[in-house]
$ cat entry_12.csv   # CSV, C-alpha atoms and all ligand atoms
chain,number,residue,atom,x,y,z
A,15,MET,CA,0.0,0.0,0.0
A,16,ASN,CA,1.5,3.3,-1.0
A,17,VAL,CA,1.5,6.4,1.2
A,18,SER,CA,-1.4,8.1,-0.3
A,19,LYS,CA,-3.6,5.0,-0.2
A,20,ARG,CA,-2.7,4.5,3.5
A,21,ALA,CA,-3.5,8.2,4.2
A,22,CYS,CA,-6.8,7.8,2.5
A,23,SER,CA,-7.7,4.7,4.6
A,24,VAL,CA,-6.7,6.4,7.8
A,25,SER,CA,-8.8,9.4,7.1
A,26,PHE,CA,-11.7,7.2,6.0
A,27,LEU,CA,-11.5,5.3,9.3
A,28,LEU,CA,-11.2,8.5,11.3
A,29,CYS,CA,-14.3,9.9,9.5
A,30,LEU,CA,-16.3,6.7,10.4
A,31,THR,CA,-15.2,6.9,14.0
A,32,LEU,CA,-16.2,10.6,14.3
A,33,THR,CA,-19.6,9.9,12.6
A,34,SER,CA,-20.5,7.1,14.9
A,35,TRP,CA,-19.4,9.1,17.9
A,36,HIS,CA,-21.5,12.0,16.8
A,37,LEU,CA,-24.6,9.7,16.3
A,38,ARG,CA,-24.2,8.2,19.7
A,39,ALA,CA,-23.9,11.6,21.3
A,40,GLU,CA,-27.2,12.6,19.7
A,41,ASP,CA,-28.9,9.4,20.7
A,42,THR,CA,-27.9,9.8,24.4
A,43,PRO,CA,-30.8,11.4,26.2
A,44,ARG,CA,-30.1,14.5,28.3
A,45,THR,CA,-30.2,13.7,32.0
A,46,ILE,CA,-31.9,15.8,34.7
A,47,GLU,CA,-31.8,15.0,38.4
A,48,VAL,CA,-35.0,15.7,40.3
A,49,HIS,CA,-35.1,15.6,44.1
A,50,ALA,CA,-38.4,15.1,46.0
A,51,LYS,CA,-38.6,16.4,49.5
A,52,ARG,CA,-41.6,17.4,51.6
A,53,TYR,CA,-43.2,19.3,50.0
A,54,SER,CA,-41.7,20.1,46.6
A,55,PHE,CA,-39.8,18.8,43.7
A,56,SER,CA,-36.5,20.4,42.9
A,57,PRO,CA,-36.4,21.6,40.2
A,58,GLY,CA,-40.1,22.1,40.2
A,59,GLU,CA,-40.3,22.5,36.4
A,60,ILE,CA,-38.2,21.5,33.4
A,61,THR,CA,-38.3,22.4,29.7
A,62,ILE,CA,-37.7,19.8,27.0
A,63,LYS,CA,-38.1,20.0,23.2
A,64,LYS,CA,-40.8,18.3,21.4
A,65,GLY,CA,-39.5,14.8,20.4
A,66,GLU,CA,-36.5,15.0,22.7
A,67,ARG,CA,-35.9,12.1,25.0
A,68,VAL,CA,-34.8,13.1,28.5
A,69,THR,CA,-33.8,10.8,31.3
A,70,LEU,CA,-35.0,11.8,34.7
A,71,ILE,CA,-33.2,10.5,37.8
A,72,LEU,CA,-35.7,10.7,40.6
A,73,THR,CA,-34.4,10.7,44.2
A,74,THR,CA,-36.2,11.3,47.5
A,75,ASP,CA,-34.3,13.3,50.2
A,76,ASP,CA,-36.7,12.2,53.0
A,77,VAL,CA,-39.7,9.9,52.8
A,78,ALA,CA,-41.2,7.9,49.9
A,79,HIS,CA,-42.8,10.0,47.2
A,80,SER,CA,-43.9,9.3,43.6
A,81,LEU,CA,-44.1,11.4,40.4
A,82,VAL,CA,-47.2,11.2,38.4
A,83,ILE,CA,-47.6,13.1,35.1
A,84,ARG,CA,-50.8,12.0,33.5
A,85,GLY,CA,-50.3,13.8,30.2
A,86,LEU,CA,-47.0,12.0,29.7
A,87,ASN,CA,-48.3,8.6,30.9
A,88,LEU,CA,-45.8,8.6,33.7
A,89,LYS,CA,-46.1,7.2,37.2
A,90,LYS,CA,-42.9,6.4,39.1
A,91,GLU,CA,-42.5,5.4,42.8
A,92,ILE,CA,-39.5,7.1,44.5
A,93,ALA,CA,-38.4,4.9,47.3
A,94,LYS,CA,-36.0,6.1,50.0
A,95,GLY,CA,-32.4,5.1,49.1
A,96,HIS,CA,-33.3,3.9,45.6
A,97,PRO,CA,-33.0,6.6,42.9
A,98,VAL,CA,-35.1,5.6,39.9
A,99,ARG,CA,-34.4,6.4,36.3
A,100,THR,CA,-37.1,7.0,33.7
A,101,VAL,CA,-37.1,8.5,30.1
A,102,ILE,CA,-39.8,11.0,29.2
A,103,SER,CA,-40.6,12.6,25.8
A,104,SER,CA,-43.6,14.1,24.1
A,105,ASP,CA,-44.6,14.7,20.5
A,106,ARG,CA,-47.0,17.4,21.6
A,107,GLU,CA,-46.1,20.9,22.7
A,108,GLY,CA,-47.6,22.2,26.0
A,109,ASP,CA,-47.4,22.2,29.7
A,110,PHE,CA,-47.8,18.9,31.4
A,111,ALA,CA,-48.6,19.0,35.1
A,112,GLY,CA,-47.3,16.5,37.5
A,113,GLN,CA,-47.7,15.9,41.2
A,114,CYS,CA,-46.6,13.6,44.0
A,115,GLY,CA,-48.8,10.5,43.8
A,116,ARG,CA,-48.0,9.1,47.3
A,117,PHE,CA,-49.4,10.7,50.4
A,118,CYS,CA,-46.4,12.1,52.2
A,119,GLY,CA,-47.8,14.5,54.8
A,120,SER,CA,-49.9,17.6,55.3
A,121,GLY,CA,-48.3,19.4,52.3
A,122,HIS,CA,-48.6,16.5,49.9
A,123,GLY,CA,-51.0,18.4,47.7
A,124,LEU,CA,-48.4,21.2,47.2
A,125,MET,CA,-46.0,18.9,45.5
A,126,LYS,CA,-46.3,20.0,41.9
A,127,PHE,CA,-44.0,19.4,38.9
A,128,ILE,CA,-44.4,20.8,35.4
A,129,VAL,CA,-42.8,19.7,32.1
A,130,HIS,CA,-42.9,22.4,29.5
A,131,VAL,CA,-42.6,20.9,26.0
A,132,THR,CA,-41.5,23.5,23.4
A,133,ASP,CA,-41.2,23.4,19.6
A,134,LYS,CA,-37.6,24.6,19.5
A,201,CU,CU,-46.7,13.4,48.5
$ encode --input "entry_12.csv" --output "structure tokens" --more "lines below"
Ligand SMILES: [Cu+2]
Amino acid sequence: MNVSKRACSVSFLLCLTLTSWHLRAEDTPRTIEVHAKRYSFSPGEITIKKGERVTLILTTDDVAHSLVIRGLNLKKEIAKGHPVRTVISSDREGDFAGQCGRFCGSGHGLMKFIVHVTDK
């Protein structure tokens, strides 16, 4: 193999490697950590793009909670000491209201969470 053929092969392989790395980076969902604690979620609202897949890591900082977002068909228990991962996405724009789905005390009804889904 002469030098120019070898250089061409090397650049072709480099191009393939960069392309596959780029595709994997695009496929990897963004990750957002959400902490539940009497009586709020932190953050209390997030914004995602329409069609974007986002991984939520749900953790409780005190007692057991859950996160229910009916518009996104999500219900996840959040047990103490066991962070839970879930992927959300929506093909519709809008604001999707969530709440704690497990009674956790007098302020349970205050535990709201909102997912804003935007077009851009
Ligand atoms: Cu609750």
$ residues_near_ligand --input "entry_12.csv" --ligand "ligand CU 201 (chain A)" --cutoff "9 Å" --atoms "only C-alpha atoms and all ligand atoms" --output "list in words"
Ala50, Lys51, Arg52, Tyr53, Ser54, Val77, Ala78, His79, Ser80, Leu81, Gln113, Cys114, Gly115, Arg116, Phe117, Cys118, Gly119, Ser120, Gly121, His122, Gly123, Leu124 and Met125 of chain A
$ atom_distance --input "entry_12.csv" --atom1 "CA of Lys134 in chain A" --atom2 "CA of Lys63 in chain A"
5.9 Å
$ residues_around --input "entry_12.csv" --residues "Gly95 in chain A" --least-positions-apart "6" --cutoff "9 Å" --atoms "all atoms listed in the file" --output "VMD selection string"
chain A and resid 73 to 75
$ atom_distance --input "entry_12.csv" --atom1 "CA of Gly65 in chain A" --atom2 "CA of Phe110 in chain A"
14.4 Å
$ atom_distance --input "entry_12.csv" --atom1 "CA of Leu72 in chain A" --atom2 "CA of Ser104 in chain A"
18.6 Å
$ axis_aligned_box --input "entry_12.csv" --around "range 45-53 of chain A" --padding-each-side "4 Å" --output "AutoDock Vina command-line options"
--center_x -36.7 --center_y 16.5 --center_z 41.8 --size_x 21.0 --size_y 13.6 --size_z 27.6
$ residues_around --input "entry_12.csv" --residues "Thr61 in chain A" --least-positions-apart "6" --cutoff "6 Å" --atoms "all atoms listed in the file" --output "list of chain:residue names"
A:Val129, A:His130, A:Val131
$ closest_residue --input "entry_12.csv" --among "A:Ile62, A:Ile71, A:Phe55, A:Glu47" --to "His96 in chain A" --atoms "all atoms listed in the file"
A:Ile71
$ closest_residue --input "entry_12.csv" --among "A:Pro57, A:Gly108, A:Pro97, A:Gly85" --to "Lys126 in chain A" --atoms "only C-alpha atoms"
A:Pro57
$ decode --input "entry_12.csv" --residues "range 103-125 of chain A" --atoms "N, CA and C atoms" --output "mmCIF file, in the first residue's frame"
data_model
loop_
_atom_site.group_PDB
_atom_site.id
_atom_site.type_symbol
_atom_site.label_atom_id
_atom_site.label_comp_id
_atom_site.auth_asym_id
_atom_site.auth_seq_id
_atom_site.Cartn_x
_atom_site.Cartn_y
_atom_site.Cartn_z
ATOM 1 N N SER A 103 -40.632 11.809 27.091
ATOM 2 C CA SER A 103 -40.614 12.555 25.830
ATOM 3 C C SER A 103 -42.059 12.844 25.450
ATOM 4 N N SER A 104 -42.231 13.794 24.562
ATOM 5 C CA SER A 104 -43.584 14.107 24.107
ATOM 6 C C SER A 104 -43.518 14.574 22.659
ATOM 7 N N ASP A 105 -44.493 14.152 21.873
ATOM 8 C CA ASP A 105 -44.557 14.651 20.500
ATOM 9 C C ASP A 105 -45.577 15.779 20.392
ATOM 10 N N ARG A 106 -46.038 16.263 21.569
ATOM 11 C CA ARG A 106 -46.965 17.398 21.605
ATOM 12 C C ARG A 106 -46.352 18.515 22.423
ATOM 13 N N GLU A 107 -46.534 19.740 21.960
ATOM 14 C CA GLU A 107 -46.109 20.898 22.750
ATOM 15 C C GLU A 107 -47.112 21.141 23.867
ATOM 16 N N GLY A 108 -46.655 21.860 24.893
ATOM 17 C CA GLY A 108 -47.584 22.246 25.954
ATOM 18 C C GLY A 108 -46.971 22.088 27.319
ATOM 19 N N ASP A 109 -47.780 22.372 28.322
ATOM 20 C CA ASP A 109 -47.358 22.229 29.713
ATOM 21 C C ASP A 109 -48.038 21.002 30.305
ATOM 22 N N PHE A 110 -47.244 20.115 30.846
ATOM 23 C CA PHE A 110 -47.776 18.873 31.397
ATOM 24 C C PHE A 110 -47.568 18.883 32.907
ATOM 25 N N ALA A 111 -48.667 18.918 33.623
ATOM 26 C CA ALA A 111 -48.618 19.036 35.086
ATOM 27 C C ALA A 111 -48.412 17.674 35.724
ATOM 28 N N GLY A 112 -47.519 17.673 36.702
ATOM 29 C CA GLY A 112 -47.279 16.466 37.481
ATOM 30 C C GLY A 112 -47.459 16.756 38.945
ATOM 31 N N GLN A 113 -47.503 15.722 39.726
ATOM 32 C CA GLN A 113 -47.679 15.879 41.170
ATOM 33 C C GLN A 113 -47.151 14.640 41.870
ATOM 34 N N CYS A 114 -47.006 14.775 43.173
ATOM 35 C CA CYS A 114 -46.648 13.599 43.963
ATOM 36 C C CYS A 114 -47.881 12.704 44.042
ATOM 37 N N GLY A 115 -47.684 11.430 43.832
ATOM 38 C CA GLY A 115 -48.808 10.495 43.830
ATOM 39 C C GLY A 115 -48.868 9.620 45.067
ATOM 40 N N ARG A 116 -48.041 9.928 46.042
ATOM 41 C CA ARG A 116 -48.035 9.120 47.269
ATOM 42 C C ARG A 116 -48.186 10.056 48.456
ATOM 43 N N PHE A 117 -49.190 9.818 49.276
ATOM 44 C CA PHE A 117 -49.402 10.729 50.403
ATOM 45 C C PHE A 117 -48.170 10.752 51.298
ATOM 46 N N CYS A 118 -47.643 11.968 51.513
ATOM 47 C CA CYS A 118 -46.376 12.083 52.248
ATOM 48 C C CYS A 118 -46.464 13.064 53.405
ATOM 49 N N GLY A 119 -47.666 13.542 53.707
ATOM 50 C CA GLY A 119 -47.824 14.451 54.839
ATOM 51 C C GLY A 119 -48.775 15.578 54.506
ATOM 52 N N SER A 120 -48.856 16.546 55.420
ATOM 53 C CA SER A 120 -49.876 17.599 55.311
ATOM 54 C C SER A 120 -49.729 18.462 54.059
ATOM 55 N N GLY A 121 -48.501 18.596 53.531
ATOM 56 C CA GLY A 121 -48.296 19.422 52.347
ATOM 57 C C GLY A 121 -48.221 18.639 51.052
ATOM 58 N N HIS A 122 -48.646 17.398 51.099
ATOM 59 C CA HIS A 122 -48.572 16.520 49.927
ATOM 60 C C HIS A 122 -49.176 17.158 48.673
ATOM 61 N N GLY A 123 -50.330 17.839 48.873
ATOM 62 C CA GLY A 123 -51.023 18.439 47.737
ATOM 63 C C GLY A 123 -50.246 19.585 47.084
ATOM 64 N N LEU A 124 -49.212 20.074 47.772
ATOM 65 C CA LEU A 124 -48.413 21.182 47.229
ATOM 66 C C LEU A 124 -47.313 20.692 46.296
ATOM 67 N N MET A 125 -47.096 19.393 46.259
ATOM 68 C CA MET A 125 -45.956 18.859 45.495
ATOM 69 C C MET A 125 -46.284 18.764 44.017
#
